[in-house]
$ cat run-v6.pdb   # PDB, C-alpha atoms
ATOM      1  CA  MET V   1       7.131  10.625 -23.284
ATOM      2  CA  ILE V   2       7.933  12.876 -20.315
ATOM      3  CA  ILE V   3       6.231  10.456 -17.917
ATOM      4  CA  ALA V   4       8.204   7.558 -19.419
ATOM      5  CA  LEU V   5      11.535   9.386 -19.098
ATOM      6  CA  ILE V   6      10.827  10.377 -15.495
ATOM      7  CA  SER V   7       9.811   6.794 -14.673
ATOM      8  CA  VAL V   8      12.993   5.279 -16.130
ATOM      9  CA  ALA V   9      15.116   7.806 -14.227
ATOM     10  CA  LEU V  10      13.265   6.979 -10.994
ATOM     11  CA  VAL V  11      13.768   3.221 -11.420
ATOM     12  CA  VAL V  12      17.507   3.777 -11.783
ATOM     13  CA  ALA V  13      17.717   6.312  -8.950
ATOM     14  CA  SER V  14      15.682   4.154  -6.563
ATOM     15  CA  SER V  15      17.805   1.104  -7.359
ATOM     16  CA  VAL V  16      21.067   2.999  -6.787
ATOM     17  CA  ILE V  17      19.840   4.503  -3.503
ATOM     18  CA  THR V  18      18.590   1.108  -2.291
ATOM     19  CA  ARG V  19      21.998  -0.414  -3.018
ATOM     20  CA  GLN V  20      23.711   2.348  -1.078
ATOM     21  CA  LEU V  21      21.322   1.871   1.833
ATOM     22  CA  ILE V  22      22.276  -1.811   1.955
ATOM     23  CA  VAL V  23      25.963  -0.910   2.127
ATOM     24  CA  ASN V  24      25.446   1.795   4.728
ATOM     25  CA  SER V  25      23.068  -0.318   6.810
ATOM     26  CA  HIS V  26      25.657  -3.067   7.074
ATOM     27  CA  ARG V  27      28.322  -0.512   7.953
ATOM     28  CA  PHE V  28      26.286   1.031  10.756
ATOM     29  CA  SER V  29      24.616  -2.232  11.858
ATOM     30  CA  LYS V  30      21.075  -0.986  11.273
ATOM     31  CA  MET V  31      19.797  -4.520  11.075
ATOM     32  CA  ASP V  32      16.523  -6.357  11.571
ATOM     33  CA  ILE V  33      17.503  -9.200  13.876
ATOM     34  CA  PRO V  34      15.304 -12.321  13.547
ATOM     35  CA  ASN V  35      13.209 -13.412  16.534
ATOM     36  CA  GLU V  36      10.442 -15.957  17.150
ATOM     37  CA  ARG V  37       7.919 -13.742  15.345
ATOM     38  CA  SER V  38      10.091 -13.068  12.296
ATOM     39  CA  SER V  39       9.613 -14.583   8.865
ATOM     40  CA  HIS V  40      13.307 -14.232   8.013
ATOM     41  CA  ILE V  41      16.218 -16.179   9.471
ATOM     42  CA  THR V  42      19.207 -13.923   8.817
ATOM     43  CA  PRO V  43      19.909 -10.360   9.997
ATOM     44  CA  THR V  44      18.746  -8.004   7.235
ATOM     45  CA  PRO V  45      19.059  -4.219   6.797
ATOM     46  CA  ARG V  46      15.826  -2.312   7.238
ATOM     47  CA  GLY V  47      14.542   1.132   6.338
ATOM     48  CA  GLY V  48      15.100   0.668   2.603
ATOM     49  CA  GLY V  49      11.787   2.325   1.861
ATOM     50  CA  ILE V  50      13.640   5.638   2.034
ATOM     51  CA  ALA V  51      14.737   4.935  -1.554
ATOM     52  CA  PHE V  52      11.269   4.928  -3.106
ATOM     53  CA  VAL V  53       9.939   7.551  -0.701
ATOM     54  CA  ALA V  54      12.593  10.052  -1.771
ATOM     55  CA  THR V  55      12.495   9.260  -5.487
ATOM     56  CA  SER V  56       8.699   9.178  -5.768
ATOM     57  CA  LEU V  57       8.317  12.489  -3.911
ATOM     58  CA  ILE V  58      10.800  14.048  -6.325
ATOM     59  CA  GLY V  59       8.867  12.476  -9.190
ATOM     60  CA  PHE V  60       5.574  13.882  -7.919
ATOM     61  CA  LEU V  61       7.063  17.375  -7.757
ATOM     62  CA  LEU V  62       8.499  17.017 -11.270
ATOM     63  CA  LEU V  63       5.014  16.169 -12.505
ATOM     64  CA  LEU V  64       3.823  19.546 -11.236
ATOM     65  CA  LEU V  65       5.645  21.051 -14.213
ATOM     66  CA  ASN V  66       2.663  19.709 -16.130
ATOM     67  CA  ASN V  67      -0.098  22.238 -15.561
ATOM     68  CA  ALA V  68      -2.756  19.568 -16.174
ATOM     69  CA  LEU V  69      -2.245  18.201 -12.649
ATOM     70  CA  ASN V  70      -4.043  19.604  -9.611
ATOM     71  CA  LYS V  71      -1.303  21.245  -7.534
ATOM     72  CA  THR V  72      -3.332  21.189  -4.315
ATOM     73  CA  GLU V  73      -3.883  17.434  -4.619
ATOM     74  CA  ILE V  74      -0.212  16.724  -5.344
ATOM     75  CA  PHE V  75       1.035  18.916  -2.506
ATOM     76  CA  ALA V  76      -1.410  17.267  -0.087
ATOM     77  CA  LEU V  77      -0.241  13.830  -1.260
ATOM     78  CA  CYS V  78       3.415  14.785  -0.790
ATOM     79  CA  CYS V  79       2.810  16.338   2.621
ATOM     80  CA  ALA V  80       0.787  13.395   3.953
ATOM     81  CA  GLY V  81       3.256  10.871   2.539
ATOM     82  CA  ALA V  82       6.224  12.731   4.029
ATOM     83  CA  ILE V  83       4.652  12.844   7.506
ATOM     84  CA  VAL V  84       3.941   9.101   7.472
ATOM     85  CA  ALA V  85       7.413   8.329   6.120
ATOM     86  CA  ILE V  86       9.135  10.456   8.770
ATOM     87  CA  ALA V  87       7.071   8.823  11.521
ATOM     88  CA  GLY V  88       7.967   5.407  10.120
ATOM     89  CA  HIS V  89      11.657   6.277   9.864
ATOM     90  CA  LEU V  90      11.725   7.426  13.492
ATOM     91  CA  ASP V  91       9.924   4.235  14.489
ATOM     92  CA  ASP V  92      12.421   2.121  12.526
ATOM     93  CA  ARG V  93      15.215   3.935  14.383
ATOM     94  CA  GLN V  94      13.336   3.466  17.674
ATOM     95  CA  LYS V  95      13.267   7.230  18.169
ATOM     96  CA  ILE V  96       9.561   7.194  18.970
ATOM     97  CA  SER V  97       7.611   4.606  20.886
ATOM     98  CA  GLY V  98       3.986   3.923  21.558
ATOM     99  CA  ALA V  99       1.131   3.237  19.187
ATOM    100  CA  THR V 100      -0.642   6.448  20.261
ATOM    101  CA  VAL V 101       2.085   8.734  18.886
ATOM    102  CA  ARG V 102       2.082   6.899  15.564
ATOM    103  CA  LEU V 103      -1.719   6.971  15.397
ATOM    104  CA  VAL V 104      -1.808  10.738  15.967
ATOM    105  CA  LEU V 105       0.727  11.346  13.181
ATOM    106  CA  HIS V 106      -1.125   8.964  10.873
ATOM    107  CA  THR V 107      -4.413  10.720  11.565
ATOM    108  CA  ILE V 108      -2.884  14.138  10.880
ATOM    109  CA  SER V 109      -1.592  12.922   7.527
ATOM    110  CA  ALA V 110      -5.001  11.445   6.656
ATOM    111  CA  VAL V 111      -6.775  14.694   7.541
ATOM    112  CA  ILE V 112      -4.334  16.635   5.354
ATOM    113  CA  LEU V 113      -5.177  14.347   2.441
ATOM    114  CA  ILE V 114      -8.924  14.604   2.976
ATOM    115  CA  VAL V 115      -8.715  18.408   3.169
ATOM    116  CA  GLY V 116      -6.379  18.714   0.177
ATOM    117  CA  VAL V 117      -7.868  16.018  -2.033
ATOM    118  CA  GLY V 118     -11.401  15.635  -0.736
ATOM    119  CA  ILE V 119     -13.858  12.827  -1.341
ATOM    120  CA  PRO V 120     -16.628  12.463  -3.915
ATOM    121  CA  SER V 121     -19.745  14.350  -2.863
ATOM    122  CA  GLU V 122     -21.885  11.364  -3.865
ATOM    123  CA  LEU V 123     -21.245   7.634  -4.064
ATOM    124  CA  ALA V 124     -23.317   4.825  -5.532
ATOM    125  CA  LEU V 125     -23.904   2.316  -2.757
ATOM    126  CA  LEU V 126     -25.880  -0.867  -3.466
ATOM    127  CA  GLY V 127     -27.995   0.832  -6.090
ATOM    128  CA  HIS V 128     -28.572   3.995  -4.071
ATOM    129  CA  THR V 129     -26.848   7.371  -4.322
ATOM    130  CA  VAL V 130     -25.447   8.442  -0.963
ATOM    131  CA  ASN V 131     -24.334  11.965  -0.066
ATOM    132  CA  ALA V 132     -20.938  11.748   1.595
ATOM    133  CA  GLY V 133     -20.990  14.860   3.791
ATOM    134  CA  ILE V 134     -19.056  15.056   7.060
ATOM    135  CA  ILE V 135     -19.605  11.346   7.739
ATOM    136  CA  GLY V 136     -17.927  10.584   4.438
ATOM    137  CA  SER V 137     -14.913  12.703   5.406
ATOM    138  CA  ILE V 138     -14.602  10.906   8.747
ATOM    139  CA  LEU V 139     -14.839   7.540   7.024
ATOM    140  CA  GLY V 140     -12.235   8.776   4.558
ATOM    141  CA  VAL V 141      -9.794   9.442   7.404
ATOM    142  CA  VAL V 142     -10.462   5.970   8.847
ATOM    143  CA  TYR V 143      -9.960   4.441   5.395
ATOM    144  CA  LEU V 144      -6.585   6.151   4.923
ATOM    145  CA  VAL V 145      -5.308   5.324   8.414
ATOM    146  CA  TRP V 146      -6.345   1.696   8.024
ATOM    147  CA  LEU V 147      -4.774   1.446   4.588
ATOM    148  CA  LEU V 148      -1.385   2.761   5.663
ATOM    149  CA  ASN V 149      -1.348   0.470   8.693
ATOM    150  CA  LEU V 150      -2.425  -2.630   6.787
ATOM    151  CA  PHE V 151       0.514  -2.165   4.399
ATOM    152  CA  ASN V 152       2.684  -2.197   7.513
ATOM    153  CA  PHE V 153       0.948  -5.350   8.779
ATOM    154  CA  MET V 154       1.251  -7.079   5.402
ATOM    155  CA  ASP V 155       4.936  -6.277   4.948
ATOM    156  CA  GLY V 156       6.085  -9.544   6.532
ATOM    157  CA  THR V 157       7.568 -11.598   3.697
ATOM    158  CA  ASP V 158      10.080 -10.710   1.010
ATOM    159  CA  GLY V 159       8.687  -8.639  -1.848
ATOM    160  CA  ILE V 160       5.008  -8.905  -0.938
ATOM    161  CA  ALA V 161       4.262  -5.270  -0.030
ATOM    162  CA  ALA V 162       6.398  -3.823  -2.830
ATOM    163  CA  SER V 163       4.909  -6.120  -5.487
ATOM    164  CA  GLU V 164       1.378  -5.347  -4.240
ATOM    165  CA  ALA V 165       2.054  -1.619  -4.461
ATOM    166  CA  ILE V 166       3.463  -1.948  -7.983
ATOM    167  CA  PHE V 167       0.461  -3.990  -9.128
ATOM    168  CA  VAL V 168      -2.150  -1.678  -7.588
ATOM    169  CA  ALA V 169      -0.411   1.454  -8.884
ATOM    170  CA  LEU V 170       0.007   0.149 -12.447
ATOM    171  CA  ALA V 171      -3.465  -1.425 -12.614
ATOM    172  CA  GLY V 172      -4.967   1.732 -11.142
ATOM    173  CA  ALA V 173      -3.062   3.879 -13.644
ATOM    174  CA  PHE V 174      -4.284   1.693 -16.524
ATOM    175  CA  LEU V 175      -7.919   1.844 -15.395
ATOM    176  CA  ASN V 176      -7.734   5.585 -14.701
ATOM    177  CA  TYR V 177      -6.643   6.075 -18.303
ATOM    178  CA  HIS V 178      -9.206   3.571 -19.554
ATOM    179  CA  VAL V 179     -12.016   5.535 -17.914
ATOM    180  CA  LEU V 180     -10.744   9.116 -18.178
ATOM    181  CA  ALA V 181      -8.719   8.918 -21.441
ATOM    182  CA  ASP V 182      -6.104  11.289 -20.000
ATOM    183  CA  ALA V 183      -2.584  10.082 -19.174
ATOM    184  CA  ASN V 184      -2.149  12.929 -16.675
ATOM    185  CA  HIS V 185      -4.520  11.145 -14.290
ATOM    186  CA  SER V 186      -2.269   8.067 -14.388
ATOM    187  CA  ALA V 187       1.094   9.802 -14.089
ATOM    188  CA  VAL V 188       1.363   9.907 -10.282
ATOM    189  CA  ALA V 189       0.568   6.188  -9.928
ATOM    190  CA  ILE V 190       3.140   5.321 -12.599
ATOM    191  CA  VAL V 191       5.781   7.344 -10.760
ATOM    192  CA  LEU V 192       5.036   5.466  -7.525
ATOM    193  CA  ALA V 193       5.291   2.105  -9.313
ATOM    194  CA  ALA V 194       8.577   3.060 -10.990
ATOM    195  CA  SER V 195      10.181   4.166  -7.727
ATOM    196  CA  THR V 196       9.023   1.011  -5.940
ATOM    197  CA  PHE V 197      10.310  -1.192  -8.777
ATOM    198  CA  GLY V 198      13.843   0.097  -8.226
ATOM    199  CA  PHE V 199      13.558  -1.045  -4.611
ATOM    200  CA  ILE V 200      12.017  -4.468  -5.222
ATOM    201  CA  LEU V 201      15.089  -5.504  -7.211
ATOM    202  CA  TYR V 202      16.775  -5.872  -3.803
ATOM    203  CA  ASN V 203      13.691  -6.729  -1.753
ATOM    204  CA  TRP V 204      12.594  -9.801  -3.726
ATOM    205  CA  SER V 205      13.283 -13.145  -2.037
ATOM    206  CA  PRO V 206      15.837 -13.618  -0.629
ATOM    207  CA  ALA V 207      15.578  -9.980   0.423
ATOM    208  CA  LYS V 208      18.786  -8.013   0.839
ATOM    209  CA  ILE V 209      16.894  -5.181   2.524
ATOM    210  CA  PHE V 210      13.459  -4.526   4.066
ATOM    211  CA  MET V 211      11.399  -1.382   3.445
ATOM    212  CA  GLY V 212      10.590  -0.843   7.135
ATOM    213  CA  ASP V 213       7.766   1.308   8.474
ATOM    214  CA  VAL V 214       9.165   4.289   6.555
ATOM    215  CA  GLY V 215       8.215   2.540   3.322
ATOM    216  CA  SER V 216       5.157   0.444   4.154
ATOM    217  CA  GLY V 217       3.140   3.245   5.736
ATOM    218  CA  TYR V 218       4.107   5.602   2.923
ATOM    219  CA  LEU V 219       2.871   3.169   0.267
ATOM    220  CA  GLY V 220      -0.442   2.777   2.095
ATOM    221  CA  ILE V 221      -1.177   6.478   2.504
ATOM    222  CA  VAL V 222      -0.106   7.377  -1.041
ATOM    223  CA  ILE V 223      -2.148   4.590  -2.637
ATOM    224  CA  GLY V 224      -5.111   5.678  -0.531
ATOM    225  CA  GLY V 225      -4.598   9.233  -1.757
ATOM    226  CA  LEU V 226      -4.394   8.055  -5.362
ATOM    227  CA  SER V 227      -7.713   6.245  -4.984
ATOM    228  CA  LEU V 228      -9.367   9.440  -3.734
ATOM    229  CA  ILE V 229      -7.818  11.558  -6.485
ATOM    230  CA  ALA V 230      -9.182   9.091  -9.059
ATOM    231  CA  ALA V 231     -12.606   9.118  -7.382
ATOM    232  CA  ASN V 232     -12.772  12.890  -7.747
ATOM    233  CA  GLN V 233     -12.737  12.368 -11.513
ATOM    234  CA  ASP V 234     -15.168   9.425 -11.499
ATOM    235  CA  PRO V 235     -16.651   8.155  -8.202
ATOM    236  CA  GLU V 236     -16.799   4.566  -9.512
ATOM    237  CA  LEU V 237     -12.983   4.551  -9.646
ATOM    238  CA  LEU V 238     -12.914   4.505  -5.839
ATOM    239  CA  TRP V 239     -14.475   1.038  -5.931
ATOM    240  CA  VAL V 240     -12.012   0.029  -8.650
ATOM    241  CA  TRP V 241      -9.032   0.858  -6.429
ATOM    242  CA  ILE V 242     -10.628  -0.797  -3.392
ATOM    243  CA  ILE V 243     -11.127  -3.975  -5.453
ATOM    244  CA  LEU V 244      -7.470  -3.940  -6.534
ATOM    245  CA  LEU V 245      -6.455  -3.835  -2.850
ATOM    246  CA  ALA V 246      -8.680  -6.759  -1.842
ATOM    247  CA  VAL V 247      -5.963  -9.324  -0.995
ATOM    248  CA  PHE V 248      -4.237  -7.053   1.509
ATOM    249  CA  VAL V 249      -7.462  -5.645   2.971
ATOM    250  CA  SER V 250      -9.019  -9.102   3.433
ATOM    251  CA  ASP V 251      -6.026 -10.719   5.127
ATOM    252  CA  ALA V 252      -5.228  -7.742   7.362
ATOM    253  CA  THR V 253      -8.845  -7.143   8.402
ATOM    254  CA  VAL V 254      -9.614 -10.778   9.288
ATOM    255  CA  THR V 255      -6.327 -11.045  11.169
ATOM    256  CA  LEU V 256      -6.929  -7.849  13.138
ATOM    257  CA  LEU V 257     -10.507  -8.776  14.093
ATOM    258  CA  ARG V 258      -9.512 -12.252  15.250
ATOM    259  CA  ARG V 259      -6.661 -10.884  17.351
ATOM    260  CA  LEU V 260      -8.920  -8.262  18.917
ATOM    261  CA  LEU V 261     -11.482 -10.927  19.772
ATOM    262  CA  ARG V 262      -8.725 -12.807  21.601
ATOM    263  CA  LYS V 263      -7.764  -9.567  23.389
ATOM    264  CA  GLN V 264      -4.342  -9.491  21.726
ATOM    265  CA  LYS V 265      -2.687  -6.123  21.134
ATOM    266  CA  PRO V 266      -2.969  -5.305  17.420
ATOM    267  CA  HIS V 267       0.333  -3.384  17.252
ATOM    268  CA  VAL V 268       2.471  -6.189  18.738
ATOM    269  CA  ALA V 269       4.530  -8.105  16.157
ATOM    270  CA  HIS V 270       3.190 -11.543  15.245
ATOM    271  CA  ARG V 271       3.095 -14.188  12.511
ATOM    272  CA  SER V 272      -0.629 -14.841  12.244
ATOM    273  CA  HIS V 273      -1.549 -13.404   8.847
ATOM    274  CA  ALA V 274      -2.769 -15.834   6.198
ATOM    275  CA  TYR V 275       0.185 -15.000   3.966
ATOM    276  CA  GLN V 276       2.585 -15.773   6.821
ATOM    277  CA  HIS V 277       0.971 -19.153   7.385
ATOM    278  CA  LEU V 278       1.338 -19.816   3.664
ATOM    279  CA  ALA V 279       4.999 -18.791   3.702
ATOM    280  CA  ILE V 280       5.642 -21.338   6.454
ATOM    281  CA  LYS V 281       3.642 -24.054   4.709
ATOM    282  CA  LEU V 282       5.267 -23.467   1.320
ATOM    283  CA  ASN V 283       8.666 -22.677   2.834
ATOM    284  CA  SER V 284       8.998 -19.875   0.307
ATOM    285  CA  HIS V 285       8.478 -16.122   0.388
ATOM    286  CA  ALA V 286       8.663 -15.856  -3.395
ATOM    287  CA  LYS V 287       5.859 -18.385  -3.938
ATOM    288  CA  VAL V 288       3.553 -16.431  -1.635
ATOM    289  CA  ALA V 289       4.292 -13.104  -3.357
ATOM    290  CA  LEU V 290       3.729 -14.721  -6.769
ATOM    291  CA  LEU V 291       0.480 -16.307  -5.549
ATOM    292  CA  VAL V 292      -0.796 -12.917  -4.382
ATOM    293  CA  LEU V 293       0.205 -11.415  -7.724
ATOM    294  CA  ALA V 294      -1.616 -14.206  -9.563
ATOM    295  CA  VAL V 295      -4.808 -13.604  -7.557
ATOM    296  CA  ASN V 296      -4.512  -9.903  -8.307
ATOM    297  CA  ILE V 297      -4.167 -10.432 -12.054
ATOM    298  CA  VAL V 298      -6.498 -13.391 -12.601
ATOM    299  CA  TRP V 299      -9.270 -12.529 -10.120
ATOM    300  CA  LEU V 300      -9.254  -8.900  -9.052
ATOM    301  CA  LEU V 301      -8.159  -7.123 -12.226
ATOM    302  CA  PRO V 302     -11.009  -8.527 -14.390
ATOM    303  CA  ILE V 303     -13.579  -7.520 -11.759
ATOM    304  CA  ALA V 304     -12.050  -4.039 -11.553
ATOM    305  CA  ILE V 305     -12.228  -3.750 -15.349
ATOM    306  CA  LEU V 306     -15.933  -4.663 -15.329
ATOM    307  CA  VAL V 307     -16.592  -1.966 -12.732
ATOM    308  CA  ALA V 308     -14.531   0.580 -14.671
ATOM    309  CA  ASP V 309     -16.532  -0.257 -17.813
ATOM    310  CA  LYS V 310     -19.788   0.259 -15.879
ATOM    311  CA  GLN V 311     -20.761  -3.330 -16.647
ATOM    312  CA  LEU V 312     -20.836  -4.087 -12.922
ATOM    313  CA  ALA V 313     -21.879  -1.819 -10.059
ATOM    314  CA  GLY V 314     -18.990  -0.781  -7.842
ATOM    315  CA  THR V 315     -20.302  -2.164  -4.564
ATOM    316  CA  THR V 316     -21.396  -5.374  -6.281
ATOM    317  CA  GLY V 317     -17.887  -5.747  -7.651
ATOM    318  CA  VAL V 318     -16.451  -5.207  -4.165
ATOM    319  CA  ILE V 319     -18.670  -7.961  -2.733
ATOM    320  CA  ILE V 320     -17.770 -10.402  -5.520
ATOM    321  CA  ALA V 321     -14.071  -9.634  -5.131
ATOM    322  CA  TYR V 322     -13.903  -9.761  -1.345
ATOM    323  CA  VAL V 323     -16.133 -12.629  -0.242
ATOM    324  CA  PRO V 324     -13.924 -15.464  -1.610
ATOM    325  CA  LEU V 325     -10.800 -13.738  -0.275
ATOM    326  CA  LEU V 326     -12.284 -13.302   3.195
ATOM    327  CA  ILE V 327     -13.233 -16.984   3.208
ATOM    328  CA  ALA V 328      -9.733 -17.887   2.013
ATOM    329  CA  ALA V 329      -8.164 -15.761   4.761
ATOM    330  CA  LEU V 330     -10.200 -17.648   7.370
ATOM    331  CA  ALA V 331      -9.345 -21.003   5.761
ATOM    332  CA  PHE V 332      -5.617 -20.237   5.796
ATOM    333  CA  GLY V 333      -5.739 -19.322   9.486
ATOM    334  CA  ALA V 334      -5.579 -15.523   9.403
ATOM    335  CA  GLY V 335      -5.475 -14.334  12.998
ATOM    336  CA  LYS V 336      -4.390 -17.685  14.442
ATOM    337  CA  ASP V 337      -0.937 -17.994  15.960
ATOM    338  CA  SER V 338       1.444 -19.769  13.615
ATOM    339  CA  VAL V 339       3.568 -22.748  14.490
ATOM    340  CA  THR V 340       7.224 -21.795  14.479
ATOM    341  CA  ASN V 341       9.626 -23.529  12.128
TER     342      ASN V 341
END
$ encode --input "run-v6.pdb" --output "structure tokens"
Amino acid sequence: MIIALISVALVVASSVITRQLIVNSHRFSKMDIPNERSSHITPTPRGGGIAFVATSLIGFLLLLLNNALNKTEIFALCCAGAIVAIAGHLDDRQKISGATVRLVLHTISAVILIVGVGIPSELALLGHTVNAGIIGSILGVVYLVWLLNLFNFMDGTDGIAASEAIFVALAGAFLNYHVLADANHSAVAIVLAASTFGFILYNWSPAKIFMGDVGSGYLGIVIGGLSLIAANQDPELLWVWIILLAVFVSDATVTLLRRLLRKQKPHVAHRSHAYQHLAIKLNSHAKVALLVLAVNIVWLLPIAILVADKQLAGTTGVIIAYVPLLIAALAFGAGKDSVTN
């Protein structure tokens, strides 16, 4: 009941703050002006992610009143999320420049999460038990940095990043409870979903506001942290969360690799993701976001459930989930320059 009340309050608070950000952004002309690489055609306020960043952080701290939660994990999650959000906000305001500065801040936040949350000491990998050790911690940092950046890369059409975050958080919360039978292990994910839902009311196509780097990076690092927190309770849950993220990971990874092979700078804005090609082809942001949601529910969620139920090995589930999506990303031209409208 407490989690439900907090969630309802956060939906309302996030929605109200988002609305005020729209008004203030117009007043102070903090606008995202369309260019040849943009997927939108009208100037739109940006930086709206502040709404769900602020409300979810407050929600996380409220959850600490419940002694069943690990305070070290929650504080590490809040600290890492705040660092990424601040870096994103400064980037949105053009107060910092250069990919190196952002990468350093992102890495610091990832290290904080790994130290505060940790990683499972052992993981089942293709039928073998592997000791994580220091290599596992390093890979954990890479995983978190990649995840927060891919949410930034994938935030290019109305509602897609917010709806993905809501799906992953709610599905992850459901499967955490399904496996662990303790609502406390789902509470943080539910809070994140509730805060993001208040924002998506204004971010759905046609978007009245964009989340900006302040929001996209924050969603990535927090979801990554949630996956590690879940894995500490049951290592197989790490694979469950990775499966739920498969659409974003597949598109962003194929796109990045193809651009690197062509010696294109990965941090330069572009319209070469598979979802961006689809948005141009379908002439609709909403259809693309709904298609991604459909793939998540119809394809990825059942596979994640099988892994959670121990009816399918985690790494086997990852392979089954990802291979068709990687092929689809290639087929839809991920990494190839799009033709402008």
$ axis_aligned_box --input "run-v6.pdb" --around "range 276-280 of chain V" --padding-each-side "4 Å" --output "AutoDock Vina command-line options"
--center_x 3.3 --center_y -18.6 --center_z 5.5 --size_x 12.7 --size_y 13.6 --size_z 11.7
$ closest_residue --input "run-v6.pdb" --among "V:Ala193, V:Val188, V:Val168, V:Leu5" --to "Phe248 in chain V" --atoms "all atoms listed in the file"
V:Val168
$ resolve_selection --input "run-v6.pdb" --expression "the PyMOL selection byres ((chain V and resi 125) around 12)" --output "compact mmCIF listing (two decimals) with C-alpha atoms, in the coordinates of the input"
# COMPACT_ATOMS: atom_id res chain seq x y z
CA GLU V 122 -21.88 11.36 -3.86
CA LEU V 123 -21.24 7.63 -4.06
CA ALA V 124 -23.32 4.82 -5.53
CA LEU V 126 -25.88 -0.87 -3.47
CA GLY V 127 -28.00 0.83 -6.09
CA HIS V 128 -28.57 4.00 -4.07
CA THR V 129 -26.85 7.37 -4.32
CA VAL V 130 -25.45 8.44 -0.96
CA ASN V 131 -24.33 11.96 -0.07
CA ALA V 132 -20.94 11.75 1.60
CA PRO V 235 -16.65 8.15 -8.20
CA GLU V 236 -16.80 4.57 -9.51
CA LEU V 238 -12.91 4.50 -5.84
CA TRP V 239 -14.48 1.04 -5.93
CA ALA V 313 -21.88 -1.82 -10.06
CA GLY V 314 -18.99 -0.78 -7.84
CA THR V 315 -20.30 -2.16 -4.56
CA THR V 316 -21.40 -5.37 -6.28
CA GLY V 317 -17.89 -5.75 -7.65
CA VAL V 318 -16.45 -5.21 -4.16
CA ILE V 319 -18.67 -7.96 -2.73
$ atom_distance --input "run-v6.pdb" --atom1 "CA of Leu293 in chain V" --atom2 "CA of Leu330 in chain V"
19.4 Å
$ closest_residue --input "run-v6.pdb" --among "V:Leu10, V:Ala231, V:Ala87, V:Ile138" --to "Ala99 in chain V" --atoms "all atoms listed in the file"
V:Ala87
$ resolve_selection --input "run-v6.pdb" --expression "the PyMOL selection byres ((chain V and resi 105-118) around 10)" --output "PyMOL selection string"
chain V and resi 70-88+100-104+119-121+136-138+140-146+148-149+217+221-222+224-226+228-232
$ atom_distance --input "run-v6.pdb" --atom1 "CA of Gly49 in chain V" --atom2 "CA of Ile17 in chain V"
9.9 Å
$ closest_residue --input "run-v6.pdb" --among "V:Gly335, V:Pro266, V:Pro302, V:Gly220" --to "Asp251 in chain V" --atoms "only C-alpha atoms"
V:Gly335
$ resolve_selection --input "run-v6.pdb" --expression "the PyMOL selection byres ((chain V and resi 187) around 12)" --output "ChimeraX atom specification"
/V:1-7,56,59-64,66,68-70,74,169-170,172-174,176-177,182-186,188-194,226,229-230
$ atom_distance --input "run-v6.pdb" --atom1 "CA of Ser272 in chain V" --atom2 "CA of Ala334 in chain V"
5.7 Å
$ closest_residue --input "run-v6.pdb" --among "V:His178, V:His270, V:Arg46, V:Lys336" --to "Asp213 in chain V" --atoms "all atoms listed in the file"
V:Arg46
$ residues_near_point --input "run-v6.pdb" --point "(12.6, 5.5, -2.2)" --cutoff "8 Å" --atoms "all atoms listed in the file" --output "compact mmCIF listing (two decimals) with C-alpha atoms, in the frame of the given file"
# COMPACT_ATOMS: atom_id res chain seq x y z
CA SER V 14 15.68 4.15 -6.56
CA ILE V 17 19.84 4.50 -3.50
CA THR V 18 18.59 1.11 -2.29
CA GLY V 48 15.10 0.67 2.60
CA GLY V 49 11.79 2.33 1.86
CA ILE V 50 13.64 5.64 2.03
CA ALA V 51 14.74 4.93 -1.55
CA PHE V 52 11.27 4.93 -3.11
CA VAL V 53 9.94 7.55 -0.70
CA ALA V 54 12.59 10.05 -1.77
CA THR V 55 12.50 9.26 -5.49
CA SER V 56 8.70 9.18 -5.77
CA SER V 195 10.18 4.17 -7.73
CA THR V 196 9.02 1.01 -5.94
CA PHE V 199 13.56 -1.04 -4.61
CA GLY V 215 8.22 2.54 3.32
$ closest_residue --input "run-v6.pdb" --among "V:Leu201, V:Leu244, V:Ala274, V:Ile209" --to "Ser25 in chain V" --atoms "only C-alpha atoms"
V:Ile209
